[in-house]
Amino acid sequence: VIDADPALIGDLVSANHILFRHGIVDAFGHVSVRDGRRPGRFFLARNMAPALVAAGDVMAFGLDGTPEAGDERPPYLERFIHGSIYRARPDVGAVVHSHAAAVIPFGVVRRVALRPVFHMSSFLGGPVPVFEIREAAGPDNDLMVRDERLGDALAVVLGSGPAVLMRGHGATVVGADVRQAVFRAIYTSANAGLQAEAMRLGEVTFLSDEETARSAVTNAGQVERAWSLWRREAQG
Ligand SMILES: [Zn+2]
């Protein structure tokens with residue numbers, strides 16, 4: 001058993017189940033949370049399907065992706081995504097990495113950026129950057145962020161924003177805490193589906209910069225409302 005705040009681990013377990021329930025993760029993808037008491041440490045499940053995660057499956061890692069001493073359980077290959085972002089972004093308390101189908105088109109079509117198309121995704125702020133792994137790993141890559149160097153390269157493209165798309169792979173979304181990260185992951189995927197649908201119909205009116213900024217302030221206080229519903233759904 002790892003040394004951790006049980007409430008934080010409870011939220012992390014719920015996050016795994018909620019993200020599965022909403023189709024953000026399937027057998028793959030993962031969500032982590034930073035240890036609020038020791039910021040150089042984060043929690044992430046062992047290598048397994050998110051829907052099946054229980055508190056006992058959670059492992060502790062250093063920001064270089066090394067599991068805590070004595071924990072021999074196999075970790076996720078792409079745990080470096082989480083550690084590198086926590087190191088680059090002191091404001092980030094949770095990270096969701098997924099292969100959500102809806103976001104994939106926006107990572108592979110260069111001339112179309114994912115942008116806020118409705119108010120629930122106003123936190124995106126503007127066009128979402130795309131990580132091109134060939135720029136960091138060269139042509140001989142398997143698309144996986146499998147070491148610290150690639151994790152750091154991803155964190156650079158994420159910059160100070162809430163999300164980064166990964167070409168031919170998926171997306172990584174961050175939040176101040178695990179509830180906000182889950183909220184953002186769900187609505188990033190929703191935005192992608194709606195934007196693609198709208199673009200098939202015709203010219204799209206996106207949120208203006210002013211609307212984006214104002215809506216983001218309004219929505220910031222609404223995360224708990226969604227979380228309480230989603231957690232109950234995931235338990236049912
Ligand atoms: Zn992945």
# chains A, B, ... in the order shown; residues from 1 in each chain; ligands from 1
>>> residues_around(residues="region 118-130 of chain A", least_positions_apart="5", cutoff="8 Å", atoms="only C-alpha atoms", output="PyMOL selection string")
chain A and resi 107+113+157-158+161-167+184+187-188+191+206-207+209+211-213+215-216+219
>>> residues_near_ligand(ligand="ligand 1", cutoff="9 Å", atoms="only C-alpha atoms and all ligand atoms", output="JSON, numbers by chain")
{"A": [28, 29, 30, 77, 78, 81, 97, 98, 99, 143, 144, 145, 166, 169, 170, 171, 172]}
>>> write_last_selection(atoms="all heavy atoms", output="CSV table (one decimal), in the first residue's frame")
chain,number,residue,atom,x,y,z
A,28,PHE,N,-7.1,1.5,-23.2
A,28,PHE,CA,-5.9,2.3,-23.1
A,28,PHE,C,-6.2,3.7,-22.6
A,28,PHE,O,-7.3,4.1,-22.6
A,28,PHE,CB,-5.2,2.3,-24.5
A,28,PHE,CG,-5.0,0.9,-25.0
A,28,PHE,CD1,-5.9,0.2,-25.8
A,28,PHE,CD2,-3.8,0.2,-24.5
A,28,PHE,CE1,-5.6,-1.1,-26.2
A,28,PHE,CE2,-3.6,-1.1,-24.9
A,28,PHE,CZ,-4.5,-1.8,-25.8
A,29,GLY,N,-5.1,4.4,-22.4
A,29,GLY,CA,-5.2,5.7,-21.8
A,29,GLY,C,-5.0,5.7,-20.3
A,29,GLY,O,-5.2,4.6,-19.7
A,30,HIS,N,-4.7,6.8,-19.7
A,30,HIS,CA,-4.5,6.8,-18.3
A,30,HIS,C,-4.6,8.2,-17.7
A,30,HIS,O,-4.5,9.2,-18.4
A,30,HIS,CB,-3.1,6.3,-17.9
A,30,HIS,CG,-2.1,6.3,-18.9
A,30,HIS,ND1,-1.3,7.4,-19.1
A,30,HIS,CD2,-1.7,5.3,-19.8
A,30,HIS,CE1,-0.4,7.1,-20.1
A,30,HIS,NE2,-0.7,5.9,-20.6
A,77,LEU,N,3.7,2.2,-20.1
A,77,LEU,CA,4.8,2.6,-20.9
A,77,LEU,C,4.9,4.2,-21.0
A,77,LEU,O,6.0,4.7,-21.0
A,77,LEU,CB,4.6,2.0,-22.3
A,77,LEU,CG,5.6,2.5,-23.4
A,77,LEU,CD1,7.0,1.9,-23.2
A,77,LEU,CD2,5.1,2.0,-24.8
A,78,GLU,N,3.8,4.8,-21.1
A,78,GLU,CA,3.8,6.3,-21.4
A,78,GLU,C,3.7,7.1,-20.1
A,78,GLU,O,3.2,8.3,-20.2
A,78,GLU,CB,2.6,6.6,-22.4
A,78,GLU,CG,2.8,6.0,-23.7
A,78,GLU,CD,1.9,6.7,-24.7
A,78,GLU,OE1,0.7,6.4,-24.6
A,78,GLU,OE2,2.4,7.4,-25.6
A,81,ILE,N,4.8,10.9,-20.0
A,81,ILE,CA,3.9,12.1,-20.3
A,81,ILE,C,3.6,12.8,-19.0
A,81,ILE,O,3.7,14.1,-19.0
A,81,ILE,CB,2.6,11.6,-20.9
A,81,ILE,CG1,2.8,11.0,-22.3
A,81,ILE,CG2,1.5,12.6,-21.0
A,81,ILE,CD1,1.6,10.3,-22.9
A,97,HIS,N,-4.3,11.3,-20.3
A,97,HIS,CA,-3.8,11.0,-21.6
A,97,HIS,C,-4.8,10.0,-22.2
A,97,HIS,O,-5.1,8.9,-21.6
A,97,HIS,CB,-2.4,10.4,-21.6
A,97,HIS,CG,-2.0,9.8,-22.9
A,97,HIS,ND1,-1.8,10.6,-24.0
A,97,HIS,CD2,-1.8,8.5,-23.2
A,97,HIS,CE1,-1.5,9.8,-25.0
A,97,HIS,NE2,-1.5,8.5,-24.6
A,98,SER,N,-5.2,10.2,-23.4
A,98,SER,CA,-6.2,9.3,-24.0
A,98,SER,C,-6.0,9.2,-25.5
A,98,SER,O,-5.3,10.0,-26.1
A,98,SER,CB,-7.6,9.8,-23.8
A,98,SER,OG,-8.0,10.8,-24.7
A,99,HIS,N,-6.6,8.2,-26.1
A,99,HIS,CA,-6.7,8.0,-27.5
A,99,HIS,C,-8.1,8.3,-28.1
A,99,HIS,O,-8.5,7.6,-29.0
A,99,HIS,CB,-6.2,6.6,-27.9
A,99,HIS,CG,-4.9,6.2,-27.2
A,99,HIS,ND1,-4.5,5.0,-26.9
A,99,HIS,CD2,-3.8,7.0,-26.8
A,99,HIS,CE1,-3.3,4.9,-26.3
A,99,HIS,NE2,-2.9,6.2,-26.3
A,143,LEU,N,5.2,6.1,-32.2
A,143,LEU,CA,4.2,7.1,-31.7
A,143,LEU,C,4.1,7.1,-30.2
A,143,LEU,O,3.3,7.9,-29.7
A,143,LEU,CB,2.8,6.8,-32.4
A,143,LEU,CG,2.9,7.0,-33.9
A,143,LEU,CD1,1.9,6.1,-34.6
A,143,LEU,CD2,2.6,8.5,-34.2
A,144,MET,N,4.8,6.3,-29.5
A,144,MET,CA,4.7,6.2,-28.0
A,144,MET,C,5.6,7.2,-27.4
A,144,MET,O,6.8,7.3,-27.8
A,144,MET,CB,5.0,4.8,-27.5
A,144,MET,CG,4.0,3.7,-28.0
A,144,MET,SD,2.4,3.9,-27.2
A,144,MET,CE,1.4,4.5,-28.6
A,145,VAL,N,5.2,7.9,-26.3
A,145,VAL,CA,6.0,8.8,-25.5
A,145,VAL,C,6.7,7.9,-24.5
A,145,VAL,O,6.2,7.7,-23.4
A,145,VAL,CB,5.2,9.9,-24.9
A,145,VAL,CG1,6.1,10.8,-24.0
A,145,VAL,CG2,4.6,10.8,-26.0
A,166,MET,N,-1.9,14.9,-30.1
A,166,MET,CA,-0.7,14.1,-30.5
A,166,MET,C,-1.0,13.5,-31.8
A,166,MET,O,-1.9,12.6,-31.9
A,166,MET,CB,-0.4,13.1,-29.4
A,166,MET,CG,-0.1,13.8,-28.0
A,166,MET,SD,-0.4,12.8,-26.6
A,166,MET,CE,1.1,11.8,-26.6
A,169,HIS,N,-2.1,9.7,-32.7
A,169,HIS,CA,-2.1,9.1,-31.4
A,169,HIS,C,-3.2,9.4,-30.5
A,169,HIS,O,-4.0,8.5,-30.1
A,169,HIS,CB,-0.7,9.4,-30.8
A,169,HIS,CG,-0.4,8.8,-29.4
A,169,HIS,ND1,0.8,8.9,-28.8
A,169,HIS,CD2,-1.2,8.2,-28.6
A,169,HIS,CE1,0.8,8.3,-27.6
A,169,HIS,NE2,-0.5,7.8,-27.5
A,170,GLY,N,-3.4,10.7,-30.1
A,170,GLY,CA,-4.4,11.0,-29.1
A,170,GLY,C,-4.3,12.4,-28.6
A,170,GLY,O,-4.0,13.4,-29.4
A,171,ALA,N,-4.5,12.6,-27.3
A,171,ALA,CA,-4.4,13.9,-26.7
A,171,ALA,C,-4.0,13.8,-25.3
A,171,ALA,O,-4.2,12.7,-24.6
A,171,ALA,CB,-5.8,14.6,-26.8
A,172,THR,N,-3.5,14.9,-24.7
A,172,THR,CA,-3.2,15.0,-23.3
A,172,THR,C,-3.8,16.3,-22.8
A,172,THR,O,-3.5,17.3,-23.4
A,172,THR,CB,-1.7,14.9,-23.0
A,172,THR,OG1,-1.2,13.6,-23.5
A,172,THR,CG2,-1.3,15.0,-21.6
>>> select_by_dssp(residues="region 8-224 of chain A", states="strand (DSSP E)", output="number ranges by chain")
A: 30-34, 41-45, 58-62, 94-98, 130-131, 163-166, 170-175
>>> select_by_dssp(residues="region 40-190 of chain A", states="helix (DSSP H, G or I)", output="JSON, numbers by chain")
{"A": [50, 51, 52, 55, 56, 57, 80, 81, 82, 83, 84, 85, 86, 87, 88, 101, 102, 103, 104, 105, 106, 107, 108, 119, 120, 121, 122, 123, 124, 133, 134, 135, 136, 137, 148, 149, 150, 151, 152, 153, 154, 155, 156, 157, 158, 178, 179, 180, 181, 182, 183, 184, 185, 186, 187, 188, 189, 190]}
>>> closest_residue(among="A:Ala234, A:Ala88, A:Val173, A:Val1", to="Val13 (chain A)", atoms="only C-alpha atoms")
A:Ala234
>>> closest_residue(among="A:Leu154, A:Ala137, A:Leu19, A:Ala226", to="Ala51 (chain A)", atoms="only C-alpha atoms")
A:Leu19
>>> closest_residue(among="A:Val25, A:Val174, A:Val96, A:Met48", to="Arg73 (chain A)", atoms="only C-alpha atoms")
A:Met48
>>> decode(residues="region 192-203 of chain A", atoms="all heavy atoms", output="PDB file, in the first residue's frame")
ATOM      1  N   ALA A 192     -14.364  18.321 -30.140  1.00  0.00           N
ATOM      2  CA  ALA A 192     -13.831  17.757 -31.389  1.00  0.00           C
ATOM      3  C   ALA A 192     -14.951  17.145 -32.224  1.00  0.00           C
ATOM      4  O   ALA A 192     -15.033  17.360 -33.440  1.00  0.00           O
ATOM      5  CB  ALA A 192     -12.765  16.711 -31.073  1.00  0.00           C
ATOM      6  N   GLY A 193     -15.838  16.397 -31.580  1.00  0.00           N
ATOM      7  CA  GLY A 193     -16.952  15.793 -32.305  1.00  0.00           C
ATOM      8  C   GLY A 193     -17.872  16.838 -32.901  1.00  0.00           C
ATOM      9  O   GLY A 193     -18.288  16.735 -34.065  1.00  0.00           O
ATOM     10  N   LEU A 194     -18.176  17.871 -32.127  1.00  0.00           N
ATOM     11  CA  LEU A 194     -19.082  18.925 -32.591  1.00  0.00           C
ATOM     12  C   LEU A 194     -18.442  19.766 -33.689  1.00  0.00           C
ATOM     13  O   LEU A 194     -19.107  20.140 -34.664  1.00  0.00           O
ATOM     14  CB  LEU A 194     -19.471  19.825 -31.416  1.00  0.00           C
ATOM     15  CG  LEU A 194     -20.354  19.152 -30.366  1.00  0.00           C
ATOM     16  CD1 LEU A 194     -20.423  20.009 -29.107  1.00  0.00           C
ATOM     17  CD2 LEU A 194     -21.754  18.905 -30.937  1.00  0.00           C
ATOM     18  N   GLN A 195     -17.163  20.053 -33.539  1.00  0.00           N
ATOM     19  CA  GLN A 195     -16.488  20.869 -34.554  1.00  0.00           C
ATOM     20  C   GLN A 195     -16.441  20.131 -35.893  1.00  0.00           C
ATOM     21  O   GLN A 195     -16.687  20.723 -36.949  1.00  0.00           O
ATOM     22  CB  GLN A 195     -15.084  21.249 -34.089  1.00  0.00           C
ATOM     23  CG  GLN A 195     -14.387  22.190 -35.068  1.00  0.00           C
ATOM     24  CD  GLN A 195     -13.008  22.623 -34.601  1.00  0.00           C
ATOM     25  OE1 GLN A 195     -12.699  22.611 -33.405  1.00  0.00           O
ATOM     26  NE2 GLN A 195     -12.184  23.016 -35.548  1.00  0.00           N
ATOM     27  N   ALA A 196     -16.124  18.849 -35.846  1.00  0.00           N
ATOM     28  CA  ALA A 196     -16.070  18.068 -37.087  1.00  0.00           C
ATOM     29  C   ALA A 196     -17.448  18.016 -37.748  1.00  0.00           C
ATOM     30  O   ALA A 196     -17.573  18.159 -38.970  1.00  0.00           O
ATOM     31  CB  ALA A 196     -15.564  16.655 -36.797  1.00  0.00           C
ATOM     32  N   GLU A 197     -18.473  17.835 -36.934  1.00  0.00           N
ATOM     33  CA  GLU A 197     -19.854  17.787 -37.446  1.00  0.00           C
ATOM     34  C   GLU A 197     -20.245  19.134 -38.071  1.00  0.00           C
ATOM     35  O   GLU A 197     -20.806  19.191 -39.166  1.00  0.00           O
ATOM     36  CB  GLU A 197     -20.791  17.453 -36.285  1.00  0.00           C
ATOM     37  CG  GLU A 197     -22.185  17.034 -36.696  1.00  0.00           C
ATOM     38  CD  GLU A 197     -22.189  15.764 -37.520  1.00  0.00           C
ATOM     39  OE1 GLU A 197     -21.368  14.871 -37.247  1.00  0.00           O
ATOM     40  OE2 GLU A 197     -23.003  15.686 -38.455  1.00  0.00           O
ATOM     41  N   ALA A 198     -19.919  20.220 -37.367  1.00  0.00           N
ATOM     42  CA  ALA A 198     -20.259  21.556 -37.858  1.00  0.00           C
ATOM     43  C   ALA A 198     -19.530  21.861 -39.164  1.00  0.00           C
ATOM     44  O   ALA A 198     -20.105  22.459 -40.087  1.00  0.00           O
ATOM     45  CB  ALA A 198     -19.914  22.599 -36.798  1.00  0.00           C
ATOM     46  N   MET A 199     -18.266  21.441 -39.257  1.00  0.00           N
ATOM     47  CA  MET A 199     -17.484  21.734 -40.463  1.00  0.00           C
ATOM     48  C   MET A 199     -18.030  20.996 -41.678  1.00  0.00           C
ATOM     49  O   MET A 199     -17.885  21.463 -42.810  1.00  0.00           O
ATOM     50  CB  MET A 199     -16.008  21.401 -40.222  1.00  0.00           C
ATOM     51  CG  MET A 199     -15.376  22.371 -39.222  1.00  0.00           C
ATOM     52  SD  MET A 199     -13.644  22.027 -38.890  1.00  0.00           S
ATOM     53  CE  MET A 199     -12.901  22.707 -40.354  1.00  0.00           C
ATOM     54  N   ARG A 200     -18.685  19.859 -41.443  1.00  0.00           N
ATOM     55  CA  ARG A 200     -19.320  19.150 -42.562  1.00  0.00           C
ATOM     56  C   ARG A 200     -20.534  19.911 -43.082  1.00  0.00           C
ATOM     57  O   ARG A 200     -20.897  19.801 -44.247  1.00  0.00           O
ATOM     58  CB  ARG A 200     -19.742  17.742 -42.124  1.00  0.00           C
ATOM     59  CG  ARG A 200     -18.619  16.726 -42.182  1.00  0.00           C
ATOM     60  CD  ARG A 200     -19.137  15.310 -42.002  1.00  0.00           C
ATOM     61  NE  ARG A 200     -19.402  15.024 -40.593  1.00  0.00           N
ATOM     62  CZ  ARG A 200     -18.487  14.564 -39.737  1.00  0.00           C
ATOM     63  NH1 ARG A 200     -17.262  14.332 -40.139  1.00  0.00           N
ATOM     64  NH2 ARG A 200     -18.802  14.339 -38.490  1.00  0.00           N
ATOM     65  N   LEU A 201     -21.171  20.684 -42.171  1.00  0.00           N
ATOM     66  CA  LEU A 201     -22.380  21.416 -42.553  1.00  0.00           C
ATOM     67  C   LEU A 201     -22.062  22.716 -43.272  1.00  0.00           C
ATOM     68  O   LEU A 201     -22.816  23.154 -44.142  1.00  0.00           O
ATOM     69  CB  LEU A 201     -23.217  21.724 -41.309  1.00  0.00           C
ATOM     70  CG  LEU A 201     -23.795  20.520 -40.571  1.00  0.00           C
ATOM     71  CD1 LEU A 201     -24.580  20.988 -39.342  1.00  0.00           C
ATOM     72  CD2 LEU A 201     -24.699  19.704 -41.485  1.00  0.00           C
ATOM     73  N   GLY A 202     -20.977  23.363 -42.881  1.00  0.00           N
ATOM     74  CA  GLY A 202     -20.659  24.637 -43.527  1.00  0.00           C
ATOM     75  C   GLY A 202     -19.655  25.433 -42.730  1.00  0.00           C
ATOM     76  O   GLY A 202     -18.951  24.884 -41.876  1.00  0.00           O
ATOM     77  N   GLU A 203     -19.623  26.739 -43.006  1.00  0.00           N
ATOM     78  CA  GLU A 203     -18.655  27.599 -42.338  1.00  0.00           C
ATOM     79  C   GLU A 203     -19.012  27.726 -40.857  1.00  0.00           C
ATOM     80  O   GLU A 203     -20.169  27.955 -40.523  1.00  0.00           O
ATOM     81  CB  GLU A 203     -18.647  28.980 -43.003  1.00  0.00           C
ATOM     82  CG  GLU A 203     -17.503  29.844 -42.549  1.00  0.00           C
ATOM     83  CD  GLU A 203     -17.548  31.242 -43.165  1.00  0.00           C
ATOM     84  OE1 GLU A 203     -18.222  31.409 -44.202  1.00  0.00           O
ATOM     85  OE2 GLU A 203     -16.921  32.147 -42.584  1.00  0.00           O
TER      86      GLU A 203
END
